[in-house]
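One file, coords17.pdb, is given below (PDB, C-alpha atoms).
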ATOM      1  CA  MET A   1     -13.413  83.342  34.127
ATOM      2  CA  SER A   2     -11.613  81.660  31.221
ATOM      3  CA  GLU A   3     -11.204  77.896  31.408
ATOM      4  CA  GLU A   4      -7.850  76.175  31.262
ATOM      5  CA  PRO A   5      -7.375  74.514  27.860
ATOM      6  CA  ALA A   6      -7.840  70.767  28.053
ATOM      7  CA  PRO A   7      -4.492  68.983  28.186
ATOM      8  CA  ILE A   8      -3.606  67.240  24.940
ATOM      9  CA  ASN A   9      -2.996  63.517  25.085
ATOM     10  CA  LEU A  10      -0.780  62.194  22.289
ATOM     11  CA  THR A  11      -0.540  58.596  23.525
ATOM     12  CA  ASN A  12      -0.533  56.262  20.486
ATOM     13  CA  HIS A  13       0.527  59.111  18.173
ATOM     14  CA  PHE A  14       3.610  59.700  16.064
ATOM     15  CA  LEU A  15       5.850  62.697  16.576
ATOM     16  CA  ILE A  16       7.438  63.595  13.240
ATOM     17  CA  ALA A  17      10.532  65.788  13.461
ATOM     18  CA  MET A  18      10.311  69.077  11.575
ATOM     19  CA  PRO A  19      13.296  70.088   9.417
ATOM     20  CA  GLY A  20      14.107  72.829  11.925
ATOM     21  CA  LEU A  21      14.746  70.270  14.685
ATOM     22  CA  GLN A  22      18.541  70.281  14.745
ATOM     23  CA  ASP A  23      19.117  67.880  17.646
ATOM     24  CA  PRO A  24      21.209  65.112  16.001
ATOM     25  CA  LEU A  25      19.518  62.483  18.174
ATOM     26  CA  PHE A  26      16.093  63.382  16.844
ATOM     27  CA  GLU A  27      16.493  65.027  13.453
ATOM     28  CA  HIS A  28      14.456  63.301  10.739
ATOM     29  CA  SER A  29      12.977  60.974  13.350
ATOM     30  CA  VAL A  30       9.553  59.438  13.854
ATOM     31  CA  VAL A  31       8.744  58.754  17.516
ATOM     32  CA  TYR A  32       5.927  56.492  18.657
ATOM     33  CA  LEU A  33       4.477  57.882  21.902
ATOM     34  CA  CYS A  34       3.717  55.074  24.359
ATOM     35  CA  GLU A  35       2.537  57.424  27.078
ATOM     36  CA  HIS A  36       1.655  61.097  27.340
ATOM     37  CA  SER A  37       0.126  62.772  30.347
ATOM     38  CA  GLN A  38       0.455  65.999  32.280
ATOM     39  CA  ARG A  39       3.503  64.466  33.994
ATOM     40  CA  GLY A  40       5.388  64.073  30.714
ATOM     41  CA  ALA A  41       5.816  61.713  27.795
ATOM     42  CA  LEU A  42       7.655  58.521  26.861
ATOM     43  CA  GLY A  43       8.254  57.272  23.342
ATOM     44  CA  LEU A  44      10.408  55.142  21.047
ATOM     45  CA  VAL A  45      12.136  56.323  17.870
ATOM     46  CA  ILE A  46      11.018  53.880  15.158
ATOM     47  CA  ASN A  47      13.211  54.862  12.205
ATOM     48  CA  LYS A  48      16.814  54.911  13.478
ATOM     49  CA  PRO A  49      18.358  51.439  13.272
ATOM     50  CA  CYS A  50      21.406  50.556  15.380
ATOM     51  CA  GLU A  51      24.316  48.571  13.974
ATOM     52  CA  ILE A  52      23.146  45.402  15.717
ATOM     53  CA  ASP A  53      20.396  43.128  14.364
ATOM     54  CA  LEU A  54      18.050  40.934  16.374
ATOM     55  CA  LYS A  55      20.224  37.841  15.865
ATOM     56  CA  GLY A  56      23.138  39.753  17.428
ATOM     57  CA  LEU A  57      20.994  41.021  20.278
ATOM     58  CA  PHE A  58      19.629  37.566  21.091
ATOM     59  CA  ASP A  59      23.187  36.171  20.992
ATOM     60  CA  LYS A  60      24.183  38.843  23.537
ATOM     61  CA  VAL A  61      21.387  37.866  25.927
ATOM     62  CA  GLU A  62      22.171  34.172  25.349
ATOM     63  CA  LEU A  63      18.877  33.237  23.736
ATOM     64  CA  PRO A  64      18.451  31.356  20.471
ATOM     65  CA  LEU A  65      16.338  33.110  17.841
ATOM     66  CA  SER A  66      14.351  30.480  16.008
ATOM     67  CA  ARG A  67      12.357  32.989  13.962
ATOM     68  CA  VAL A  68      14.217  33.323  10.671
ATOM     69  CA  ASP A  69      11.999  36.267   9.658
ATOM     70  CA  LEU A  70      13.418  38.364  12.515
ATOM     71  CA  GLN A  71      17.119  37.497  12.435
ATOM     72  CA  LYS A  72      18.213  40.331  10.114
ATOM     73  CA  THR A  73      15.722  42.852  11.535
ATOM     74  CA  PRO A  74      17.579  45.830  13.017
ATOM     75  CA  VAL A  75      17.488  46.820  16.653
ATOM     76  CA  PHE A  76      16.506  50.493  16.880
ATOM     77  CA  PHE A  77      17.890  53.479  18.763
ATOM     78  CA  GLY A  78      14.752  54.181  20.783
ATOM     79  CA  GLY A  79      16.068  57.347  22.428
ATOM     80  CA  PRO A  80      18.841  58.627  24.676
ATOM     81  CA  VAL A  81      17.484  57.325  28.028
ATOM     82  CA  GLN A  82      18.604  53.888  29.348
ATOM     83  CA  THR A  83      20.323  52.912  26.101
ATOM     84  CA  GLU A  84      21.635  49.699  27.668
ATOM     85  CA  ARG A  85      18.082  48.463  28.189
ATOM     86  CA  GLY A  86      15.759  46.801  25.678
ATOM     87  CA  PHE A  87      12.215  47.954  24.954
ATOM     88  CA  VAL A  88       9.924  45.714  22.924
ATOM     89  CA  LEU A  89       7.048  47.396  21.117
ATOM     90  CA  HIS A  90       4.627  44.740  19.928
ATOM     91  CA  GLU A  91       1.097  43.964  18.898
ATOM     92  CA  ALA A  92      -1.335  43.297  21.714
ATOM     93  CA  THR A  93      -1.043  39.906  23.386
ATOM     94  CA  PHE A  94      -4.027  38.230  24.903
ATOM     95  CA  ALA A  95      -3.931  36.738  28.356
ATOM     96  CA  PRO A  96      -5.468  33.313  28.917
ATOM     97  CA  ALA A  97      -9.249  33.461  29.255
ATOM     98  CA  ASP A  98      -9.080  32.300  32.871
ATOM     99  CA  GLN A  99      -6.732  35.178  33.817
ATOM    100  CA  PRO A 100      -7.782  38.141  31.660
ATOM    101  CA  GLU A 101      -6.622  40.699  34.207
ATOM    102  CA  HIS A 102      -3.030  39.421  34.193
ATOM    103  CA  PRO A 103      -0.712  40.688  31.480
ATOM    104  CA  VAL A 104       1.075  37.969  29.548
ATOM    105  CA  TYR A 105       4.545  39.340  30.391
ATOM    106  CA  ALA A 106       5.968  40.502  33.706
ATOM    107  CA  SER A 107       6.459  44.158  32.768
ATOM    108  CA  THR A 108       4.135  45.401  30.040
ATOM    109  CA  MET A 109       2.637  48.824  29.393
ATOM    110  CA  VAL A 110      -0.698  48.448  27.599
ATOM    111  CA  ILE A 111      -1.024  51.442  25.283
ATOM    112  CA  PRO A 112      -4.555  52.668  24.586
ATOM    113  CA  GLY A 113      -5.035  52.061  20.880
ATOM    114  CA  GLY A 114      -3.802  48.499  20.626
ATOM    115  CA  LEU A 115      -0.023  48.140  21.040
ATOM    116  CA  GLU A 116       1.990  47.103  24.080
ATOM    117  CA  MET A 117       5.524  47.884  25.243
ATOM    118  CA  THR A 118       7.321  45.247  27.311
ATOM    119  CA  THR A 119      10.636  45.579  29.118
ATOM    120  CA  SER A 120      10.908  42.193  30.840
ATOM    121  CA  ARG A 121      13.109  39.379  29.542
ATOM    122  CA  ASP A 122      10.170  36.950  29.289
ATOM    123  CA  VAL A 123       8.987  38.572  26.062
ATOM    124  CA  LEU A 124      12.410  37.929  24.498
ATOM    125  CA  GLU A 125      12.251  34.330  25.677
ATOM    126  CA  ALA A 126       8.831  33.963  24.044
ATOM    127  CA  ILE A 127      10.017  35.568  20.801
ATOM    128  CA  SER A 128      13.089  33.333  20.767
ATOM    129  CA  THR A 129      10.960  30.173  20.716
ATOM    130  CA  GLY A 130       8.429  31.566  18.250
ATOM    131  CA  SER A 131       5.593  31.791  20.780
ATOM    132  CA  GLY A 132       5.829  35.546  21.361
ATOM    133  CA  PRO A 133       4.124  38.366  19.496
ATOM    134  CA  ARG A 134       4.468  38.130  15.696
ATOM    135  CA  LYS A 135       5.012  41.818  15.051
ATOM    136  CA  VAL A 136       7.750  43.444  17.112
ATOM    137  CA  LEU A 137      10.064  46.442  17.117
ATOM    138  CA  ILE A 138      12.931  46.183  19.602
ATOM    139  CA  SER A 139      14.833  49.275  20.646
ATOM    140  CA  LEU A 140      17.657  50.136  22.986
ATOM    141  CA  GLY A 141      16.763  53.194  25.012
ATOM    142  CA  TYR A 142      13.746  55.441  24.928
ATOM    143  CA  ALA A 143      12.880  59.123  24.601
ATOM    144  CA  ALA A 144      11.378  61.021  27.527
ATOM    145  CA  TRP A 145       9.992  64.473  28.111
ATOM    146  CA  GLY A 146       9.357  66.036  31.507
ATOM    147  CA  GLU A 147       6.225  67.893  32.546
ATOM    148  CA  GLY A 148       5.306  70.476  29.895
ATOM    149  CA  GLN A 149       8.481  69.836  27.876
ATOM    150  CA  LEU A 150       6.842  68.172  24.892
ATOM    151  CA  GLU A 151       4.065  70.775  24.803
ATOM    152  CA  SER A 152       6.761  73.450  24.724
ATOM    153  CA  GLU A 153       8.548  71.724  21.802
ATOM    154  CA  LEU A 154       5.230  71.425  19.955
ATOM    155  CA  GLY A 155       4.710  75.142  20.496
ATOM    156  CA  GLU A 156       8.121  75.766  18.911
ATOM    157  CA  ASN A 157       7.082  73.773  15.820
ATOM    158  CA  SER A 158       9.704  71.092  16.464
ATOM    159  CA  TRP A 159       7.250  68.271  15.783
ATOM    160  CA  LEU A 160       4.209  67.388  13.743
ATOM    161  CA  THR A 161       1.776  64.932  15.309
ATOM    162  CA  VAL A 162      -0.523  62.333  13.806
ATOM    163  CA  GLU A 163      -2.360  59.289  15.108
ATOM    164  CA  ALA A 164      -0.090  56.241  14.947
ATOM    165  CA  ASN A 165      -0.442  53.492  12.382
ATOM    166  CA  ALA A 166       0.848  50.027  13.344
ATOM    167  CA  ARG A 167       1.590  49.063   9.725
ATOM    168  CA  LEU A 168       4.055  51.920   9.517
ATOM    169  CA  ILE A 169       5.876  50.614  12.614
ATOM    170  CA  PHE A 170       6.023  46.944  11.687
ATOM    171  CA  ASP A 171       5.617  46.603   7.917
ATOM    172  CA  THR A 172       7.083  49.738   6.292
ATOM    173  CA  PRO A 173      10.769  49.670   5.237
ATOM    174  CA  VAL A 174      12.828  51.756   7.665
ATOM    175  CA  ALA A 175      13.995  54.262   5.041
ATOM    176  CA  GLU A 176      10.372  55.028   4.091
ATOM    177  CA  ARG A 177       8.953  55.544   7.579
ATOM    178  CA  TYR A 178       9.561  59.300   7.781
ATOM    179  CA  GLY A 179       7.948  59.979   4.415
ATOM    180  CA  GLN A 180       5.062  57.593   5.079
ATOM    181  CA  ALA A 181       4.396  59.220   8.470
ATOM    182  CA  LEU A 182       4.157  62.601   6.731
ATOM    183  CA  LYS A 183       1.760  61.081   4.196
ATOM    184  CA  LEU A 184      -0.610  60.302   7.071
ATOM    185  CA  LEU A 185      -0.967  64.101   7.276
ATOM    186  CA  GLY A 186      -1.189  64.492   3.487
ATOM    187  CA  LEU A 187       2.327  65.951   3.381
ATOM    188  CA  GLU A 188       5.541  65.243   1.476
ATOM    189  CA  PRO A 189       9.018  66.038   2.885
ATOM    190  CA  TRP A 190       9.595  68.759   0.248
ATOM    191  CA  MET A 191       6.532  70.660   1.504
ATOM    192  CA  LEU A 192       8.138  71.314   4.871
ATOM    193  CA  SER A 193      10.152  74.430   5.374
ATOM    194  CA  PRO A 194      12.160  74.721   8.590
ATOM    195  CA  ASP A 195      10.082  77.746   9.550
ATOM    196  CA  THR A 196       6.548  76.330   9.495
ATOM    197  CA  GLY A 197       4.620  73.636  11.268
ATOM    198  CA  HIS A 198       1.621  72.821  13.366
ATOM    199  CA  ALA A 199       1.047  70.870  16.541
TER     200      ALA A 199
END
Could you write out this structure as structure tokens?
Amino acid sequence: MSEEPAPINLTNHFLIAMPGLQDPLFEHSVVYLCEHSQRGALGLVINKPCEIDLKGLFDKVELPLSRVDLQKTPVFFGGPVQTERGFVLHEATFAPADQPEHPVYASTMVIPGGLEMTTSRDVLEAISTGSGPRKVLISLGYAAWGEGQLESELGENSWLTVEANARLIFDTPVAERYGQALKLLGLEPWMLSPDTGHA
């Protein structure tokens, strides 16, 4: 009796759009996968800035933004789901030693591999005063795949996958993120033809 193949888990990986991926929402995109299981996947596009910057976003939610280094940072289009809602991808935060089992913020997904994704307003309040995480990427909306959907797209060569690199998310200029993600695989954009790929 042949065994079922083990399910792949691409949590804490990048999805890199292949040239053949024609969906305008995702073409030329790099997606950071926050969660991937047999039930589906959830991720944030990390290389599609919106027209609003963090100063504008914090003005909208009526919070001051004391961190000068973040004021001109773009807010990103994280994906087509819940685009009116903010998602904060950030470096891991450490709970006080006397409460290690309690996350620092009210609604945080701890991602195996070191990053966290928070959706509660308290993280914005902490960032606004300078006490929040130092490295952040804030998006509006997220990308989601239902059960088996991402695996099917991988089978169609829509995406390349590679283990995520936090420096690429937080420190690499936006325009270079696609090319730098490919470099993690030893590839350059010109090497990709719309007809080839691997998952």
* Enter the distance from atom CA of A:Thr129 to atom CA of A:Gln71, in Å, rounded to one decimal. =>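 It comes out at 12.7 Å.
Among A:Leu124, A:Val31, A:Leu21, A:Ile52, the residue with the shortest atom-to-atom distance to A:Glu163, counting all atoms listed in the file, is A:Val31.
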Residues of stretch 22-134 of chain A at most 10 Å from stretch 176-186 of chain A: nearest atom pair and distance in Å, only C-alpha atoms, as JSON lines:
{"residue": "A:His28", "atom": "CA", "partner": "A:Tyr178", "partner_atom": "CA", "distance": 7.0}
{"residue": "A:Ser29", "atom": "CA", "partner": "A:Tyr178", "partner_atom": "CA", "distance": 6.7}
{"residue": "A:Val30", "atom": "CA", "partner": "A:Tyr178", "partner_atom": "CA", "distance": 6.1}
{"residue": "A:Val31", "atom": "CA", "partner": "A:Tyr178", "partner_atom": "CA", "distance": 9.8}
{"residue": "A:Ile46", "atom": "CA", "partner": "A:Arg177", "partner_atom": "CA", "distance": 8.0}
{"residue": "A:Asn47", "atom": "CA", "partner": "A:Arg177", "partner_atom": "CA", "distance": 6.3}
{"residue": "A:Lys48", "atom": "CA", "partner": "A:Arg177", "partner_atom": "CA", "distance": 9.8}
* **Straight-line distance linking atom CA of A:Pro112 with atom CA of A:Cys34, stated in Å to one decimal** =>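 These atoms are spaced 8.6 Å apart.
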* If you apply the PyMOL selection byres ((chain A and resi 78) around 10) to this file, what residues do you get, as a PyMOL selection string? -> chain A and resi 25+31-32+43-50+75-77+79-83+85-88+137-143
* Between A:Leu15, A:Ile127, A:Val104, A:Leu54, which is the closest to A:Leu154 once you count all atoms listed in the file? ->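 So, comparing all the options, the nearest one is A:Leu15.
When atom CA of A:Lys55 is paired with atom CA of A:Thr172, their separation reads 20.1 Å.
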